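Below is the file coords.pdb, which contains PDB, C-alpha atoms.
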```pdb
MODEL        1
ATOM      1  CA  GLY A   1      92.703 113.119  93.146
ATOM      2  CA  GLU A   2      94.973 110.230  93.930
ATOM      3  CA  ASN A   3      93.671 106.683  93.758
ATOM      4  CA  VAL A   4      95.612 103.663  94.980
ATOM      5  CA  GLU A   5      94.714 100.139  93.954
ATOM      6  CA  GLN A   6      96.133  97.144  95.792
ATOM      7  CA  HIS A   7      96.268  93.481  94.820
ATOM      8  CA  PRO A   8      95.661  90.813  95.861
ATOM      9  CA  SER A   9      93.083  91.329  98.588
ATOM     10  CA  THR A  10      94.038  88.016 100.173
ATOM     11  CA  LEU A  11      97.280  86.094  99.920
ATOM     12  CA  SER A  12      98.090  82.739 101.431
ATOM     13  CA  VAL A  13     101.641  81.376 101.367
ATOM     14  CA  GLN A  14     103.563  78.554 102.961
ATOM     15  CA  GLU A  15     106.100  79.450 105.628
ATOM     16  CA  GLY A  16     109.447  80.139 103.992
ATOM     17  CA  ASP A  17     107.961  81.169 100.658
ATOM     18  CA  SER A  18     107.977  84.722  99.334
ATOM     19  CA  ALA A  19     104.986  87.051  99.245
ATOM     20  CA  VAL A  20     104.477  89.913  96.808
ATOM     21  CA  ILE A  21     101.849  92.631  97.091
ATOM     22  CA  LYS A  22     101.357  95.121  94.278
ATOM     23  CA  CYS A  23      99.929  98.620  94.176
ATOM     24  CA  THR A  24      99.255 101.136  91.455
ATOM     25  CA  TYR A  25      98.647 104.836  91.824
ATOM     26  CA  SER A  26      97.135 107.434  89.559
ATOM     27  CA  ASP A  27      98.677 110.800  90.491
ATOM     28  CA  SER A  28     102.052 111.331  88.857
ATOM     29  CA  ALA A  29     102.822 113.975  91.511
ATOM     30  CA  SER A  30     102.954 111.296  94.221
ATOM     31  CA  ASN A  31     106.500 110.878  95.456
ATOM     32  CA  TYR A  32     106.294 109.071  98.780
ATOM     33  CA  PHE A  33     105.106 105.452  99.136
ATOM     34  CA  PRO A  34     104.916 103.883 102.597
ATOM     35  CA  TRP A  35     103.825 100.369 103.527
ATOM     36  CA  TYR A  36     102.028  99.550 106.750
ATOM     37  CA  LYS A  37     101.416  96.287 108.601
ATOM     38  CA  GLN A  38      98.306  96.039 110.740
ATOM     39  CA  GLU A  39      97.785  93.207 113.168
ATOM     40  CA  LEU A  40      94.346  92.403 114.520
ATOM     41  CA  GLY A  41      93.066  95.039 116.921
ATOM     42  CA  LYS A  42      96.101  97.279 116.515
ATOM     43  CA  GLY A  43      97.029 100.413 114.627
ATOM     44  CA  PRO A  44      99.024 100.244 111.380
ATOM     45  CA  GLN A  45     102.790 100.069 111.768
ATOM     46  CA  LEU A  46     105.128 101.651 109.233
ATOM     47  CA  ILE A  47     107.411  98.862 108.006
ATOM     48  CA  ILE A  48     109.158 100.383 105.015
ATOM     49  CA  ASP A  49     108.821 103.319 102.677
ATOM     50  CA  ILE A  50     110.305 104.533  99.427
ATOM     51  CA  ARG A  51     110.622 107.920  97.830
ATOM     52  CA  SER A  52     110.464 108.650  94.147
ATOM     53  CA  ASN A  53     114.167 109.296  93.767
ATOM     54  CA  VAL A  54     114.997 105.603  94.320
ATOM     55  CA  GLY A  55     113.809 102.464  92.575
ATOM     56  CA  GLU A  56     114.314  99.897  95.318
ATOM     57  CA  LYS A  57     114.816  99.733  99.043
ATOM     58  CA  LYS A  58     115.507  96.749 101.238
ATOM     59  CA  ASP A  59     115.351  96.107 104.971
ATOM     60  CA  GLN A  60     116.227  92.562 105.998
ATOM     61  CA  ARG A  61     113.429  90.312 104.679
ATOM     62  CA  ILE A  62     111.311  93.071 103.211
ATOM     63  CA  ALA A  63     111.911  95.118 100.103
ATOM     64  CA  VAL A  64     109.944  97.628  98.104
ATOM     65  CA  THR A  65     110.315  98.452  94.413
ATOM     66  CA  LEU A  66     108.993 101.496  92.590
ATOM     67  CA  ASN A  67     108.366 101.973  88.888
ATOM     68  CA  LYS A  68     107.462 105.620  88.399
ATOM     69  CA  THR A  69     106.899 105.290  84.681
ATOM     70  CA  ALA A  70     104.303 102.577  85.181
ATOM     71  CA  LYS A  71     103.066 104.118  88.448
ATOM     72  CA  HIS A  72     103.285 100.965  90.434
ATOM     73  CA  PHE A  73     105.150  99.800  93.491
ATOM     74  CA  SER A  74     105.435  96.456  95.212
ATOM     75  CA  LEU A  75     106.216  94.947  98.589
ATOM     76  CA  HIS A  76     108.299  91.790  98.690
ATOM     77  CA  ILE A  77     108.590  89.640 101.803
ATOM     78  CA  THR A  78     111.071  86.788 101.629
ATOM     79  CA  GLU A  79     111.333  83.751 103.904
ATOM     80  CA  THR A  80     107.895  84.418 105.318
ATOM     81  CA  GLN A  81     107.132  83.476 108.899
ATOM     82  CA  PRO A  82     103.788  82.964 110.683
ATOM     83  CA  GLU A  83     104.269  86.277 112.488
ATOM     84  CA  ASP A  84     104.184  88.024 109.112
ATOM     85  CA  SER A  85     100.472  87.187 108.987
ATOM     86  CA  ALA A  86      98.622  90.515 109.055
ATOM     87  CA  VAL A  87      96.921  93.054 106.820
ATOM     88  CA  TYR A  88      99.309  95.122 104.717
ATOM     89  CA  PHE A  89      98.409  98.542 103.334
ATOM     90  CA  CYS A  90     100.235 100.457 100.653
ATOM     91  CA  ALA A  91      99.866 104.221 100.406
ATOM     92  CA  ALA A  92     100.861 107.169  98.272
ATOM     93  CA  SER A  93     101.261 110.859  98.949
ATOM     94  CA  GLU A  94     103.019 113.873  97.516
ATOM     95  CA  THR A  95     105.142 116.478  99.220
ATOM     96  CA  GLY A  96     102.826 119.370  98.561
ATOM     97  CA  GLY A  97      99.723 117.619  99.840
ATOM     98  CA  PHE A  98      98.555 116.695 103.311
ATOM     99  CA  LYS A  99      96.780 113.480 102.529
ATOM    100  CA  THR A 100      98.075 109.972 102.319
ATOM    101  CA  ILE A 101      95.890 107.761 100.172
ATOM    102  CA  PHE A 102      95.712 104.122 101.244
ATOM    103  CA  GLY A 103      95.106 100.991  99.277
ATOM    104  CA  ALA A 104      92.320  98.621 100.296
ATOM    105  CA  GLY A 105      94.711  96.263 102.065
ATOM    106  CA  THR A 106      96.007  92.726 101.580
ATOM    107  CA  ARG A 107      95.321  90.061 104.138
ATOM    108  CA  LEU A 108      98.405  87.832 104.270
ATOM    109  CA  PHE A 109      98.238  84.365 105.780
ATOM    110  CA  VAL A 110     101.483  82.497 106.347
ATOM    111  CA  LYS A 111     100.844  78.806 106.962
ATOM    112  CA  ALA A 112     103.253  76.969 109.228
TER
ATOM    113  CA  GLY B   1     110.374 104.613 114.653
ATOM    114  CA  ALA B   2     108.444 107.388 116.327
ATOM    115  CA  VAL B   3     105.785 106.562 118.916
ATOM    116  CA  VAL B   4     102.177 107.680 118.898
ATOM    117  CA  SER B   5      99.923 106.832 121.811
ATOM    118  CA  GLN B   6      96.167 106.808 121.986
ATOM    119  CA  HIS B   7      93.893 106.785 124.999
ATOM    120  CA  PRO B   8      91.682 105.055 125.827
ATOM    121  CA  SER B   9      92.336 101.824 123.937
ATOM    122  CA  TRP B  10      88.701 100.883 124.262
ATOM    123  CA  VAL B  11      85.582 102.525 125.594
ATOM    124  CA  ILE B  12      81.943 101.591 126.020
ATOM    125  CA  CYS B  13      79.433 104.384 126.373
ATOM    126  CA  LYS B  14      75.688 104.835 126.386
ATOM    127  CA  SER B  15      73.833 106.341 123.478
ATOM    128  CA  GLY B  16      73.623 110.122 123.753
ATOM    129  CA  THR B  17      76.809 110.618 125.720
ATOM    130  CA  SER B  18      80.085 112.092 124.466
ATOM    131  CA  VAL B  19      83.454 110.395 124.328
ATOM    132  CA  LYS B  20      86.894 111.984 124.061
ATOM    133  CA  ILE B  21      89.855 110.184 122.527
ATOM    134  CA  GLU B  22      93.380 111.511 122.962
ATOM    135  CA  CYS B  23      96.266 111.128 120.532
ATOM    136  CA  ARG B  24      99.811 112.005 121.553
ATOM    137  CA  SER B  25     103.112 111.978 119.708
ATOM    138  CA  LEU B  26     105.503 110.904 122.455
ATOM    139  CA  ASP B  27     108.933 111.627 121.045
ATOM    140  CA  PHE B  28     108.400 114.171 118.310
ATOM    141  CA  GLN B  29     106.392 117.266 117.554
ATOM    142  CA  ALA B  30     103.685 116.801 114.983
ATOM    143  CA  THR B  31     102.325 119.828 113.183
ATOM    144  CA  THR B  32      99.794 117.608 111.448
ATOM    145  CA  MET B  33      97.719 114.796 112.900
ATOM    146  CA  PHE B  34      95.058 112.715 111.227
ATOM    147  CA  TRP B  35      91.985 110.876 112.452
ATOM    148  CA  TYR B  36      90.793 107.729 110.739
ATOM    149  CA  ARG B  37      87.878 105.398 111.171
ATOM    150  CA  GLN B  38      88.132 101.749 110.286
ATOM    151  CA  PHE B  39      85.297  99.271 109.871
ATOM    152  CA  PRO B  40      85.967  95.529 110.189
ATOM    153  CA  LYS B  41      88.038  94.138 107.328
ATOM    154  CA  GLN B  42      88.159  97.482 105.576
ATOM    155  CA  SER B  43      90.769 100.078 104.834
ATOM    156  CA  LEU B  44      91.383 103.288 106.716
ATOM    157  CA  MET B  45      88.863 106.054 106.125
ATOM    158  CA  LEU B  46      90.266 109.528 106.687
ATOM    159  CA  MET B  47      87.901 111.604 108.779
ATOM    160  CA  ALA B  48      89.859 114.818 109.241
ATOM    161  CA  THR B  49      93.253 116.455 109.137
ATOM    162  CA  SER B  50      94.255 118.386 112.208
ATOM    163  CA  ASN B  51      96.860 121.137 112.127
ATOM    164  CA  GLU B  52      98.197 122.589 115.344
ATOM    165  CA  GLY B  53      96.668 125.935 116.171
ATOM    166  CA  SER B  54      94.097 125.929 113.400
ATOM    167  CA  LYS B  55      90.736 124.379 112.638
ATOM    168  CA  ALA B  56      90.622 120.812 111.439
ATOM    169  CA  THR B  57      89.848 120.012 107.820
ATOM    170  CA  TYR B  58      87.082 117.452 107.548
ATOM    171  CA  GLU B  59      86.563 115.009 104.737
ATOM    172  CA  GLN B  60      83.370 115.065 102.761
ATOM    173  CA  GLY B  61      80.534 113.394 104.610
ATOM    174  CA  VAL B  62      82.086 113.720 108.070
ATOM    175  CA  GLU B  63      80.018 115.873 110.418
ATOM    176  CA  LYS B  64      82.290 118.391 112.073
ATOM    177  CA  ASP B  65      79.758 119.136 114.800
ATOM    178  CA  LYS B  66      79.586 115.488 115.715
ATOM    179  CA  PHE B  67      83.286 114.714 115.556
ATOM    180  CA  LEU B  68      85.020 117.595 117.310
ATOM    181  CA  ILE B  69      88.758 117.786 116.800
ATOM    182  CA  ASN B  70      91.144 119.894 118.814
ATOM    183  CA  HIS B  71      94.882 120.120 118.151
ATOM    184  CA  ALA B  72      95.951 122.241 121.086
ATOM    185  CA  SER B  73      99.664 121.498 121.026
ATOM    186  CA  LEU B  74     102.327 119.961 118.822
ATOM    187  CA  THR B  75     102.006 116.671 120.671
ATOM    188  CA  LEU B  76      98.288 116.343 121.395
ATOM    189  CA  SER B  77      95.135 116.084 119.335
ATOM    190  CA  THR B  78      91.738 115.047 120.647
ATOM    191  CA  LEU B  79      88.656 113.647 118.950
ATOM    192  CA  THR B  80      85.344 114.030 120.740
ATOM    193  CA  VAL B  81      82.404 111.998 119.502
ATOM    194  CA  THR B  82      79.398 113.993 120.609
ATOM    195  CA  SER B  83      75.962 112.515 121.278
ATOM    196  CA  ALA B  84      77.227 109.091 120.301
ATOM    197  CA  HIS B  85      74.897 106.543 118.716
ATOM    198  CA  PRO B  86      75.359 102.839 118.025
ATOM    199  CA  GLU B  87      76.282 103.566 114.401
ATOM    200  CA  ASP B  88      79.314 105.496 115.683
ATOM    201  CA  SER B  89      80.721 102.257 117.063
ATOM    202  CA  SER B  90      83.986 101.686 115.265
ATOM    203  CA  PHE B  91      87.781 101.526 115.520
ATOM    204  CA  TYR B  92      89.213 105.049 115.568
ATOM    205  CA  ILE B  93      92.885 105.503 114.773
ATOM    206  CA  CYS B  94      94.970 108.645 114.900
ATOM    207  CA  SER B  95      98.262 109.291 113.206
ATOM    208  CA  ALA B  96     100.912 111.961 113.467
ATOM    209  CA  ARG B  97     103.182 113.210 110.735
ATOM    210  CA  TYR B  98     106.848 113.435 111.564
ATOM    211  CA  PRO B  99     108.343 116.861 110.812
ATOM    212  CA  PRO B 100     109.459 117.113 107.173
ATOM    213  CA  SER B 101     113.152 116.921 106.356
ATOM    214  CA  GLY B 102     114.049 119.468 103.739
ATOM    215  CA  ARG B 103     111.579 119.032 100.908
ATOM    216  CA  ALA B 104     110.722 115.472 101.877
ATOM    217  CA  LEU B 105     107.364 114.756 103.457
ATOM    218  CA  GLY B 106     107.636 113.409 106.972
ATOM    219  CA  GLU B 107     106.641 109.857 107.727
ATOM    220  CA  GLN B 108     103.219 109.177 109.196
ATOM    221  CA  TYR B 109     103.015 107.099 112.364
ATOM    222  CA  PHE B 110      99.838 105.599 113.756
ATOM    223  CA  GLY B 111      98.493 105.182 117.231
ATOM    224  CA  PRO B 112      97.243 101.793 118.475
ATOM    225  CA  GLY B 113      93.610 102.697 117.930
ATOM    226  CA  THR B 114      90.541 103.108 120.131
ATOM    227  CA  ARG B 115      87.626 100.733 119.894
ATOM    228  CA  LEU B 116      84.407 102.583 120.624
ATOM    229  CA  THR B 117      81.223 100.679 121.404
ATOM    230  CA  VAL B 118      78.028 102.661 121.856
ATOM    231  CA  THR B 119      75.196 100.772 123.529
TER
ENDMDL
END
```

This structure in structure tokens:
Amino acid sequence: GENVEQHPSTLSVQEGDSAVIKCTYSDSASNYFPWYKQELGKGPQLIIDIRSNVGEKKDQRIAVTLNKTAKHFSLHITETQPEDSAVYFCAASETGGFKTIFGAGTRLFVKA
Amino acid sequence: GAVVSQHPSWVICKSGTSVKIECRSLDFQATTMFWYRQFPKQSLMLMATSNEGSKATYEQGVEKDKFLINHASLTLSTLTVTSAHPEDSSFYICSARYPPSGRALGEQYFGPGTRLTVT
């Protein structure tokens, strides 16, 4: 079955710097890769996603890249702000399956 | 994005009692809903997949008689923790899958979670 690995587990950056979180997946059939942001005591919030027919997607300060050959995808946050501090989860799933497999999460701290 | 609600947001119950948690997709119909459990500082652990009108599919190690799931309509799924014990205390989160578009899998949206404390 699918396995998703996420790195780093913790990331601390200075406000205004960029943050990059990387994930790898094992199942070549996976074709949908969402990213979620979870704040303390709340449910995960979908912030961006990418499908296998594109290599990059951007939404304001966040962007996601996908390398299907290498089976890895990354989340990029530019001009980080303290409110970006949260736990971020990557995930992978494929059209024919029901399950979404989540990474272990990255705890991002943005220092003011 | 689509909105998923969960009720209650927190609940405290005595050991041996049952607790029901509701999950609703407010502005879309979800043929598939999921229930997760999350321990502090850990990732999401899928408990079961719930399809409207059929029995839920439980993950290995999850007791189906203890965690009863009902998906009675396209907008409502419920999780009942029966005969709760302190070890069932956790953060329970539901999610609903947006209807697929063509061959593309629909996005998955999460509820705000329910914190269960069993005393």

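Selection result for the displayed file, with the ChimeraX specification (/B :<7) & /A as criterion, is Lys42, Gly43, Pro44, Gln45, Leu46, Thr95, Ala104 and Gly105 of chain A.
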
Selection near range 60-75 of chain A, 6 Å with all atoms listed in the file, sequence-local residues under 2 positions removed, as a PyMOL selection string: chain A and resi 20-25+55-58+77-78

Enclose all atoms of range 75-93 of chain B listed in the file in an axis-aligned box, grow every side by 3 Å, and hand back centre and edge lengths in Å to one decimal, as AutoDock Vina command-line options.
```
--center_x 88.5 --center_y 109.1 --center_z 117.9 --size_x 33.1 --size_y 21.1 --size_z 13.0
```

Resolved residues for the PyMOL selection byres ((chain B and resi 62-79) around 7) as a list in words: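 Matching residues under the PyMOL selection byres ((chain B and resi 62-79) around 7) are Lys20, Ile21, Glu22, Cys23, Arg24, Ser25, Leu26, Gln29, Ala30, Thr31, Met47, Ser50, Asn51, Glu52, Gly53, Ala56, Tyr58, Glu59, Gln60, Gly61, Thr80, Val81 and Thr82 of chain B.
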
Exercise: range 2-12 of chain A partners within 9 Å, only C-alpha atoms, chain neighbours under 6 positions left out, as a list in words: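 Result of the neighbour search: Ala19, Val20, Ile21, Lys22, Cys23, Thr24, Tyr25, Ser26, Asp27, Ser28, Ser30, Val87, Phe89, Cys90, Ala91, Ala92, Ser93, Thr100, Ile101, Phe102, Gly103, Ala104, Gly105, Thr106, Arg107, Leu108, Phe109, Val110 and Lys111 of chain A.
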
Selection from above, C-alpha atoms, as a compact mmCIF listing (two decimals), in the frame of the given file, can you write it?
```txt
# COMPACT_ATOMS: atom_id res chain seq x y z
CA ALA A 19 104.99 87.05 99.24
CA VAL A 20 104.48 89.91 96.81
CA ILE A 21 101.85 92.63 97.09
CA LYS A 22 101.36 95.12 94.28
CA CYS A 23 99.93 98.62 94.18
CA THR A 24 99.26 101.14 91.46
CA TYR A 25 98.65 104.84 91.82
CA SER A 26 97.14 107.43 89.56
CA ASP A 27 98.68 110.80 90.49
CA SER A 28 102.05 111.33 88.86
CA SER A 30 102.95 111.30 94.22
CA VAL A 87 96.92 93.05 106.82
CA PHE A 89 98.41 98.54 103.33
CA CYS A 90 100.24 100.46 100.65
CA ALA A 91 99.87 104.22 100.41
CA ALA A 92 100.86 107.17 98.27
CA SER A 93 101.26 110.86 98.95
CA THR A 100 98.08 109.97 102.32
CA ILE A 101 95.89 107.76 100.17
CA PHE A 102 95.71 104.12 101.24
CA GLY A 103 95.11 100.99 99.28
CA ALA A 104 92.32 98.62 100.30
CA GLY A 105 94.71 96.26 102.06
CA THR A 106 96.01 92.73 101.58
CA ARG A 107 95.32 90.06 104.14
CA LEU A 108 98.40 87.83 104.27
CA PHE A 109 98.24 84.36 105.78
CA VAL A 110 101.48 82.50 106.35
CA LYS A 111 100.84 78.81 106.96
```

Picked residues, the PyMOL selection byres ((chain B and resi 83-85) around 7), as a ChimeraX atom specification: /B:15-18,81-82,86-88,118

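The space between CA of Glu79 in chain A and CA of Gln38 in chain A spans 19.2 Å.
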
CA of Thr117 in chain B to CA of Arg37 in chain B, distance in Å rounded to a single decimal: 13.1 Å

Atom-to-atom span, CA of Ser18 in chain A and CA of Ala86 in chain A, Å: 14.7 Å

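Minimum distance to Leu40 in chain A across A:Glu94, A:Asp17, A:Glu83, A:Asp59 (counting only C-alpha atoms) occurs at A:Glu83.
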